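Shown here: query.cif, mmCIF, C-alpha atoms and all ligand atoms.
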data_model
#
loop_
_atom_site.label_atom_id
_atom_site.label_comp_id
_atom_site.auth_asym_id
_atom_site.auth_seq_id
_atom_site.Cartn_x
_atom_site.Cartn_y
_atom_site.Cartn_z
CA MET I 26 -17.75 -19.24 86.24
CA LYS I 27 -20.99 -19.33 84.26
CA LEU I 28 -22.10 -21.37 81.27
CA VAL I 29 -24.05 -19.32 78.74
CA ILE I 30 -26.32 -21.36 76.46
CA ALA I 31 -27.57 -19.26 73.55
CA VAL I 32 -30.07 -20.48 70.95
CA ILE I 33 -29.80 -18.28 67.87
CA GLN I 34 -30.53 -18.34 64.16
CA ASP I 35 -28.00 -20.07 61.91
CA LYS I 36 -27.58 -16.92 59.86
CA ASP I 37 -26.36 -15.00 62.91
CA ALA I 38 -23.93 -17.69 64.07
CA HIS I 39 -20.90 -16.64 62.06
CA ARG I 40 -21.11 -12.98 63.13
CA LEU I 41 -21.74 -13.94 66.74
CA LEU I 42 -18.76 -16.31 66.84
CA GLU I 43 -16.59 -13.55 65.38
CA GLY I 44 -17.85 -11.02 67.90
CA LEU I 45 -17.25 -13.40 70.79
CA MET I 46 -13.80 -14.35 69.52
CA GLN I 47 -12.77 -10.71 69.13
CA ALA I 48 -13.73 -10.16 72.75
CA GLY I 49 -11.69 -13.19 73.78
CA PHE I 50 -14.47 -15.72 74.34
CA GLY I 51 -14.35 -19.28 73.03
CA ALA I 52 -17.59 -20.95 72.07
CA THR I 53 -18.77 -24.42 71.16
CA LYS I 54 -21.42 -24.73 68.48
CA LEU I 55 -24.03 -27.47 68.69
CA ALA I 56 -26.16 -28.49 65.74
CA SER I 57 -29.78 -27.84 66.64
CA THR I 58 -33.20 -27.17 65.23
CA GLY I 59 -36.06 -25.34 66.80
CA GLY I 60 -39.22 -27.20 67.65
CA PHE I 61 -41.13 -27.56 64.39
CA LEU I 62 -41.27 -24.17 62.77
CA ARG I 63 -38.00 -22.57 63.66
CA GLU I 64 -35.60 -24.60 61.52
CA GLY I 65 -31.99 -23.61 61.22
CA ASN I 66 -31.11 -22.90 64.84
CA THR I 67 -27.69 -22.98 66.37
CA THR I 68 -26.97 -23.51 70.05
CA LEU I 69 -23.78 -22.02 71.44
CA LEU I 70 -22.08 -22.90 74.71
CA VAL I 71 -19.84 -20.19 76.13
CA GLY I 72 -17.93 -20.54 79.39
CA VAL I 73 -17.43 -17.15 80.99
CA GLU I 74 -16.16 -15.61 84.22
CA ASP I 75 -18.99 -14.16 86.35
CA GLU I 76 -17.86 -10.57 85.85
CA ARG I 77 -17.95 -10.84 82.06
CA VAL I 78 -21.46 -12.29 81.68
CA ASP I 79 -22.94 -8.87 80.89
CA GLU I 80 -20.38 -8.45 78.14
CA VAL I 81 -21.30 -11.77 76.51
CA ILE I 82 -25.01 -10.99 76.82
CA GLY I 83 -24.38 -7.58 75.23
CA ILE I 84 -22.57 -9.13 72.26
CA ILE I 85 -25.40 -11.61 71.75
CA ARG I 86 -28.03 -8.87 72.00
CA ARG I 87 -26.29 -6.57 69.52
CA THR I 88 -25.59 -9.36 67.04
CA CYS I 89 -28.77 -11.42 67.16
CA LYS I 90 -31.57 -9.10 68.27
CA ALA I 91 -34.82 -9.81 66.42
CA ARG I 92 -35.17 -7.24 63.63
CA GLU I 93 -37.04 -6.67 60.42
CA GLN I 94 -35.42 -7.27 57.10
CA LEU I 95 -36.61 -6.47 53.59
CA VAL I 96 -36.83 -9.62 51.51
CA THR I 97 -37.87 -9.84 47.88
CA PRO I 98 -39.86 -13.06 47.52
CA LEU I 99 -39.14 -15.40 44.63
CA ALA I 100 -41.73 -15.65 41.86
CA PRO I 101 -44.39 -18.22 42.72
CA MET I 102 -43.78 -21.69 41.30
CA SER I 103 -47.17 -21.90 39.66
CA GLY I 104 -49.19 -19.19 37.93
CA SER I 105 -48.14 -16.74 35.32
CA ALA I 106 -44.61 -15.54 35.99
CA GLU I 107 -45.23 -12.70 33.56
CA SER I 108 -47.83 -11.08 35.76
CA TYR I 109 -45.62 -11.46 38.84
CA LEU I 110 -44.44 -8.11 40.15
CA PRO I 111 -41.82 -8.65 42.84
CA TYR I 112 -41.69 -6.18 45.70
CA PRO I 113 -39.83 -6.46 48.99
CA VAL I 114 -41.67 -7.48 52.14
CA GLU I 115 -40.58 -7.11 55.74
CA VAL I 116 -39.83 -10.34 57.60
CA GLN I 117 -38.57 -10.76 61.13
CA VAL I 118 -35.13 -12.35 61.43
CA GLY I 119 -32.76 -13.04 64.28
CA GLY I 120 -33.66 -13.39 67.91
CA ALA I 121 -31.89 -15.20 70.71
CA THR I 122 -32.89 -17.20 73.76
CA VAL I 123 -30.18 -17.13 76.40
CA PHE I 124 -29.81 -19.22 79.55
CA VAL I 125 -27.04 -18.45 82.05
CA LEU I 126 -26.17 -21.34 84.38
CA GLN I 127 -23.98 -21.39 87.46
CA VAL I 128 -20.94 -23.65 86.98
CA ASP I 129 -20.09 -25.71 90.05
CA ARG I 130 -16.67 -26.64 88.81
CA PHE I 131 -14.63 -25.87 85.73
CA GLU I 132 -11.66 -27.81 84.39
CA LYS I 133 -9.48 -27.39 81.35
CA PHE I 134 -6.89 -30.03 80.44
CA MET R 6 -26.62 -35.32 91.07
CA LYS R 7 -24.38 -33.34 88.72
CA LEU R 8 -24.38 -32.87 84.96
CA VAL R 9 -20.90 -32.95 83.46
CA ILE R 10 -20.59 -31.22 80.09
CA ALA R 11 -17.28 -32.05 78.42
CA VAL R 12 -16.11 -30.55 75.14
CA ILE R 13 -13.39 -32.79 73.68
CA GLN R 14 -11.79 -33.63 70.36
CA ASP R 15 -13.63 -36.06 68.09
CA LYS R 16 -10.62 -38.34 68.00
CA ASP R 17 -10.77 -38.85 71.77
CA ALA R 18 -14.53 -39.48 71.89
CA HIS R 19 -14.48 -43.23 71.30
CA ARG R 20 -11.83 -43.89 73.97
CA LEU R 21 -13.57 -41.59 76.44
CA LEU R 22 -16.96 -43.24 75.93
CA GLU R 23 -15.32 -46.64 76.47
CA GLY R 24 -13.59 -45.45 79.62
CA LEU R 25 -16.79 -43.97 81.00
CA MET R 26 -18.81 -47.06 80.13
CA GLN R 27 -16.28 -49.37 81.79
CA ALA R 28 -16.64 -47.31 84.96
CA GLY R 29 -20.43 -47.54 84.71
CA PHE R 30 -21.25 -44.08 83.39
CA GLY R 31 -23.67 -43.46 80.54
CA ALA R 32 -23.05 -40.52 78.26
CA THR R 33 -24.89 -38.66 75.54
CA LYS R 34 -22.87 -37.38 72.61
CA LEU R 35 -23.82 -34.11 70.94
CA ALA R 36 -22.53 -33.13 67.51
CA SER R 37 -20.58 -29.93 67.90
CA THR R 38 -17.85 -27.83 66.37
CA GLY R 39 -15.54 -25.41 68.05
CA GLY R 40 -15.75 -21.76 67.24
CA PHE R 41 -13.93 -21.28 63.94
CA LEU R 42 -10.60 -23.02 64.22
CA ARG R 43 -11.26 -26.01 66.36
CA GLU R 44 -13.32 -28.19 64.03
CA GLY R 45 -14.22 -31.70 65.00
CA ASN R 46 -15.37 -31.26 68.56
CA THR R 47 -17.66 -33.52 70.49
CA THR R 48 -19.72 -32.47 73.48
CA LEU R 49 -20.61 -35.14 76.02
CA LEU R 50 -23.31 -34.96 78.67
CA VAL R 51 -22.76 -37.25 81.66
CA GLY R 52 -25.14 -37.46 84.58
CA VAL R 53 -23.25 -38.43 87.74
CA GLU R 54 -23.81 -38.74 91.46
CA ASP R 55 -22.02 -36.01 93.43
CA GLU R 56 -19.56 -38.42 95.02
CA ARG R 57 -18.38 -39.77 91.66
CA VAL R 58 -17.67 -36.43 89.94
CA ASP R 59 -13.93 -36.70 90.68
CA GLU R 60 -13.89 -40.12 89.06
CA VAL R 61 -15.50 -38.82 85.86
CA ILE R 62 -13.16 -35.82 85.79
CA GLY R 63 -10.21 -38.20 86.25
CA ILE R 64 -11.28 -40.38 83.32
CA ILE R 65 -11.66 -37.29 81.11
CA ARG R 66 -8.27 -35.93 82.17
CA ARG R 67 -6.44 -39.22 81.55
CA THR R 68 -8.13 -39.82 78.20
CA CYS R 69 -8.25 -36.36 76.67
CA LYS R 70 -5.41 -34.37 78.22
CA ALA R 71 -3.72 -32.08 75.66
CA ARG R 72 -0.53 -33.80 74.48
CA GLU R 73 1.96 -33.69 71.67
CA GLN R 74 1.84 -36.18 68.85
CA LEU R 75 4.25 -36.81 66.00
CA VAL R 76 2.52 -36.34 62.67
CA THR R 77 4.06 -36.78 59.23
CA PRO R 78 2.56 -34.10 57.02
CA LEU R 79 1.31 -34.98 53.56
CA ALA R 80 3.29 -33.75 50.57
CA PRO R 81 2.23 -30.23 49.58
CA MET R 82 -0.38 -30.07 46.85
CA SER R 83 1.65 -27.75 44.69
CA GLY R 84 5.39 -27.67 44.07
CA SER R 85 7.73 -30.48 43.20
CA ALA R 86 6.73 -33.62 45.04
CA GLU R 87 10.11 -35.09 44.20
CA SER R 88 11.96 -32.60 46.32
CA TYR R 89 9.55 -33.12 49.23
CA LEU R 90 11.24 -34.80 52.16
CA PRO R 91 8.61 -35.80 54.72
CA TYR R 92 9.58 -35.69 58.37
CA PRO R 93 7.35 -35.90 61.43
CA VAL R 94 6.42 -32.75 63.29
CA GLU R 95 4.95 -32.38 66.76
CA VAL R 96 1.38 -31.13 66.94
CA GLN R 97 -0.79 -30.68 69.97
CA VAL R 98 -3.85 -32.92 70.12
CA GLY R 99 -6.54 -33.55 72.67
CA GLY R 100 -7.64 -31.21 75.38
CA ALA R 101 -10.93 -30.95 77.21
CA THR R 102 -13.09 -28.18 78.60
CA VAL R 103 -15.31 -29.46 81.39
CA PHE R 104 -18.27 -27.79 83.08
CA VAL R 105 -19.90 -29.40 86.13
CA LEU R 106 -23.44 -28.20 86.82
CA GLN R 107 -25.67 -28.79 89.82
CA VAL R 108 -28.78 -30.78 88.88
CA ASP R 109 -31.94 -29.55 90.61
CA ARG R 110 -33.93 -32.63 89.76
CA PHE R 111 -33.24 -35.85 87.92
CA GLU R 112 -35.77 -38.23 86.41
CA LYS R 113 -35.43 -41.45 84.46
CA PHE R 114 -38.50 -43.05 82.89
CA MET P 25 -36.71 -20.26 85.45
CA LYS P 26 -35.37 -23.78 84.88
CA LEU P 27 -33.69 -25.43 81.94
CA VAL P 28 -34.94 -28.96 81.30
CA ILE P 29 -32.52 -31.17 79.36
CA ALA P 30 -34.24 -34.36 78.17
CA VAL P 31 -32.48 -37.19 76.36
CA ILE P 32 -35.08 -39.28 74.53
CA GLN P 33 -35.36 -41.66 71.60
CA ASP P 34 -35.58 -40.16 68.11
CA LYS P 35 -38.85 -41.94 67.50
CA ASP P 36 -40.49 -40.15 70.41
CA ALA P 37 -39.19 -36.69 69.47
CA HIS P 38 -41.98 -35.67 67.10
CA ARG P 39 -44.75 -36.59 69.54
CA LEU P 40 -42.95 -34.95 72.44
CA LEU P 41 -42.39 -31.69 70.53
CA GLU P 42 -46.09 -31.67 69.63
CA GLY P 43 -47.13 -32.30 73.21
CA LEU P 44 -44.84 -29.57 74.51
CA MET P 45 -45.99 -27.10 71.84
CA GLN P 46 -49.65 -27.77 72.58
CA ALA P 47 -48.97 -26.94 76.22
CA GLY P 48 -47.21 -23.74 75.18
CA PHE P 49 -43.56 -24.79 75.61
CA GLY P 50 -40.88 -24.09 73.05
CA ALA P 51 -38.04 -26.55 72.71
CA THR P 52 -34.68 -26.73 70.98
CA LYS P 53 -33.63 -30.05 69.52
CA LEU P 54 -29.98 -31.07 69.54
CA ALA P 55 -28.63 -33.87 67.38
CA SER P 56 -27.21 -36.51 69.69
CA THR P 57 -26.34 -40.16 69.98
CA GLY P 58 -26.18 -42.28 73.05
CA GLY P 59 -22.88 -43.70 74.14
CA PHE P 60 -22.26 -46.72 71.91
CA LEU P 61 -25.38 -48.82 71.94
CA ARG P 62 -28.19 -46.33 72.12
CA GLU P 63 -28.07 -44.79 68.66
CA GLY P 64 -30.73 -42.40 67.55
CA ASN P 65 -31.09 -40.18 70.57
CA THR P 66 -32.41 -36.67 70.63
CA THR P 67 -31.62 -34.11 73.30
CA LEU P 68 -34.19 -31.41 73.95
CA LEU P 69 -33.65 -28.12 75.77
CA VAL P 70 -36.79 -26.60 77.26
CA GLY P 71 -36.81 -23.34 79.19
CA VAL P 72 -39.64 -23.34 81.73
CA GLU P 73 -40.93 -21.26 84.62
CA ASP P 74 -40.37 -22.97 88.00
CA GLU P 75 -44.06 -23.57 88.61
CA ARG P 76 -44.50 -25.45 85.32
CA VAL P 77 -41.61 -27.90 85.67
CA ASP P 78 -43.94 -30.68 86.87
CA GLU P 79 -46.08 -30.16 83.80
CA VAL P 80 -43.13 -30.52 81.43
CA ILE P 81 -41.89 -33.59 83.30
CA GLY P 82 -45.39 -35.08 83.08
CA ILE P 83 -45.55 -34.56 79.32
CA ILE P 84 -42.14 -36.20 78.90
CA ARG P 85 -43.12 -39.13 81.13
CA ARG P 86 -46.39 -39.78 79.32
CA THR P 87 -44.85 -39.47 75.87
CA CYS P 88 -41.52 -41.20 76.27
CA LYS P 89 -41.88 -43.68 79.13
CA ALA P 90 -40.01 -46.93 78.43
CA ARG P 91 -42.53 -49.51 77.21
CA GLU P 92 -42.67 -52.80 75.38
CA GLN P 93 -43.56 -52.98 71.73
CA LEU P 94 -44.22 -55.97 69.49
CA VAL P 95 -41.79 -56.03 66.60
CA THR P 96 -41.67 -58.59 63.80
CA PRO P 97 -38.01 -59.12 63.00
CA LEU P 98 -36.81 -59.18 59.41
CA ALA P 99 -35.72 -62.50 57.94
CA PRO P 100 -32.08 -63.20 58.70
CA MET P 101 -29.63 -62.20 55.97
CA SER P 102 -28.02 -65.62 55.76
CA GLY P 103 -29.57 -69.05 56.12
CA SER P 104 -32.61 -70.46 54.43
CA ALA P 105 -35.27 -67.80 54.11
CA GLU P 106 -37.79 -70.50 53.31
CA SER P 107 -37.56 -72.04 56.74
CA TYR P 108 -37.84 -68.62 58.40
CA LEU P 109 -41.06 -68.24 60.32
CA PRO P 110 -41.48 -64.62 61.43
CA TYR P 111 -43.21 -63.99 64.72
CA PRO P 112 -43.37 -60.80 66.73
CA VAL P 113 -41.10 -60.30 69.71
CA GLU P 114 -41.34 -57.78 72.49
CA VAL P 115 -38.67 -55.10 72.57
CA GLN P 116 -38.30 -52.19 74.92
CA VAL P 117 -38.63 -48.77 73.32
CA GLY P 118 -38.71 -45.23 74.62
CA GLY P 119 -37.28 -44.03 77.86
CA ALA P 120 -36.09 -40.61 78.88
CA THR P 121 -33.32 -39.20 81.03
CA VAL P 122 -34.22 -35.76 82.34
CA PHE P 123 -32.03 -33.15 84.04
CA VAL P 124 -33.57 -30.00 85.50
CA LEU P 125 -31.11 -27.13 86.01
CA GLN P 126 -31.55 -23.83 87.83
CA VAL P 127 -31.24 -20.87 85.45
CA ASP P 128 -29.31 -17.94 86.91
CA ARG P 129 -30.46 -15.50 84.29
CA PHE P 130 -32.71 -15.69 81.27
CA GLU P 131 -32.82 -13.31 78.31
CA LYS P 132 -34.84 -13.24 75.14
CA PHE P 133 -34.07 -10.71 72.41
NI NI I 201 -16.40 -13.53 58.80
NI NI I 202 -13.17 -49.44 70.96
NI NI I 203 -47.45 -34.77 63.94
#

Could you render the structure from this file as structure tokens?
Ligand code: NI
Ligand code: NI
Ligand code: NI
Amino acid sequence: MKLVIAVIQDKDAHRLLEGLMQAGFGATKLASTGGFLREGNTTLLVGVEDERVDEVIGIIRRTCKAREQLVTPLAPMSGSAESYLPYPVEVQVGGATVFVLQVDRFEKF
Amino acid sequence: MKLVIAVIQDKDAHRLLEGLMQAGFGATKLASTGGFLREGNTTLLVGVEDERVDEVIGIIRRTCKAREQLVTPLAPMSGSAESYLPYPVEVQVGGATVFVLQVDRFEKF
Amino acid sequence: MKLVIAVIQDKDAHRLLEGLMQAGFGATKLASTGGFLREGNTTLLVGVEDERVDEVIGIIRRTCKAREQLVTPLAPMSGSAESYLPYPVEVQVGGATVFVLQVDRFEKF
């Protein structure tokens, strides 16, 4: 048995929990924040049999992989809104940091 | 030294922390939620000497074991409240998922 | 790769995150409370290469070590405030409990 600890972005949490659940994995969600800049993190704990670790890692990779997204910024708060021409910019979203730990003993009551 | 990570129901957390404290174990309580359905989870971290792991596991089992409880449901929100005859139903409460991890190094400052 | 789990006081969290960041370590901050008495705890997860564990431990020790602090208590809620003579008392603050765990596998997407 392994314990997978995955730190992901909040916005990916719902899809990841769905993906894990569909594959038969339960997960516990801890409230977390990144150090300083990376607000809005979620930490998931997933208990998994050794032979299914690759599967869990694959689901996390597919769901949370860092990728670029087009975002249209809001008009600036100050300055002339009339001269503001919004156009989409690419920002990086997602990403996951995953630790797999050996479980010495597992109990379920 | 081992690290015990126990995911339990919120409603069992107070009694479990008391039981652990009475036996001399400190615990750290993380805010958590289960994946989707199982809202109201608590995750406890307990550092414990190898030879006392069974004792901690025993306290968790006794306190949090899944069991049936009689609950009287509230009257339904819609429909005629007058015709509503409340009677207790059995629901399952409690339960614990416990991971025991080997600690490589332990420090207390 | 190791996973360092450090339980510290909230009031030390900002300085510790800064110290870790300056040394090039990322950290994830989990909301936590101590069992019963020790409210206001923070649990940090720090992934670290084996050869830098001592460095992380050193930063935690220097930043969070239990120490005495002079605190001037507030006037008591009841009783005669006029006869209340405030003088500073020493209280213990800080402290850290640190678990270092072996990481079986580490992934970053
Ligand atoms: Ni959905
Ligand atoms: Ni009580
Ligand atoms: Ni600062």

Identify all chain I residues at most 10 Å from chain R by counting only C-alpha atoms; ligands do not count. Present them as a PDB file with C-alpha atoms, in the frame of the given file.
ATOM      1  CA  MET I  26     -17.750 -19.240  86.240  1.00  0.00           C
ATOM      2  CA  LYS I  27     -20.990 -19.330  84.260  1.00  0.00           C
ATOM      3  CA  LEU I  28     -22.100 -21.370  81.270  1.00  0.00           C
ATOM      4  CA  ALA I  38     -23.930 -17.690  64.070  1.00  0.00           C
ATOM      5  CA  HIS I  39     -20.900 -16.640  62.060  1.00  0.00           C
ATOM      6  CA  LEU I  41     -21.740 -13.940  66.740  1.00  0.00           C
ATOM      7  CA  LEU I  42     -18.760 -16.310  66.840  1.00  0.00           C
ATOM      8  CA  GLU I  43     -16.590 -13.550  65.380  1.00  0.00           C
ATOM      9  CA  LEU I  45     -17.250 -13.400  70.790  1.00  0.00           C
ATOM     10  CA  MET I  46     -13.800 -14.350  69.520  1.00  0.00           C
ATOM     11  CA  PHE I  50     -14.470 -15.720  74.340  1.00  0.00           C
ATOM     12  CA  GLY I  51     -14.350 -19.280  73.030  1.00  0.00           C
ATOM     13  CA  ALA I  52     -17.590 -20.950  72.070  1.00  0.00           C
ATOM     14  CA  THR I  53     -18.770 -24.420  71.160  1.00  0.00           C
ATOM     15  CA  LYS I  54     -21.420 -24.730  68.480  1.00  0.00           C
ATOM     16  CA  LEU I  55     -24.030 -27.470  68.690  1.00  0.00           C
ATOM     17  CA  ALA I  56     -26.160 -28.490  65.740  1.00  0.00           C
ATOM     18  CA  SER I  57     -29.780 -27.840  66.640  1.00  0.00           C
ATOM     19  CA  THR I  68     -26.970 -23.510  70.050  1.00  0.00           C
ATOM     20  CA  LEU I  69     -23.780 -22.020  71.440  1.00  0.00           C
ATOM     21  CA  LEU I  70     -22.080 -22.900  74.710  1.00  0.00           C
ATOM     22  CA  VAL I  71     -19.840 -20.190  76.130  1.00  0.00           C
ATOM     23  CA  GLY I  72     -17.930 -20.540  79.390  1.00  0.00           C
ATOM     24  CA  LEU I 126     -26.170 -21.340  84.380  1.00  0.00           C
ATOM     25  CA  GLN I 127     -23.980 -21.390  87.460  1.00  0.00           C
ATOM     26  CA  VAL I 128     -20.940 -23.650  86.980  1.00  0.00           C
ATOM     27  CA  ASP I 129     -20.090 -25.710  90.050  1.00  0.00           C
ATOM     28  CA  ARG I 130     -16.670 -26.640  88.810  1.00  0.00           C
ATOM     29  CA  PHE I 131     -14.630 -25.870  85.730  1.00  0.00           C
ATOM     30  CA  GLU I 132     -11.660 -27.810  84.390  1.00  0.00           C
ATOM     31  CA  LYS I 133      -9.480 -27.390  81.350  1.00  0.00           C
ATOM     32  CA  PHE I 134      -6.890 -30.030  80.440  1.00  0.00           C
TER      33      PHE I 134
END

Between atom CA of Thr88 of chain I and atom CA of Tyr112 of chain I, what is the distance, to one decimal in Å?
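It comes out at 26.9 Å.
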
Atom pair atom CA of Gly65 of chain I + atom CA of Asp15 of chain R, distance 23.2 Å

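Atom CA of Gln33 of chain P sits 29.3 Å away from atom CA of Gly63 of chain R.
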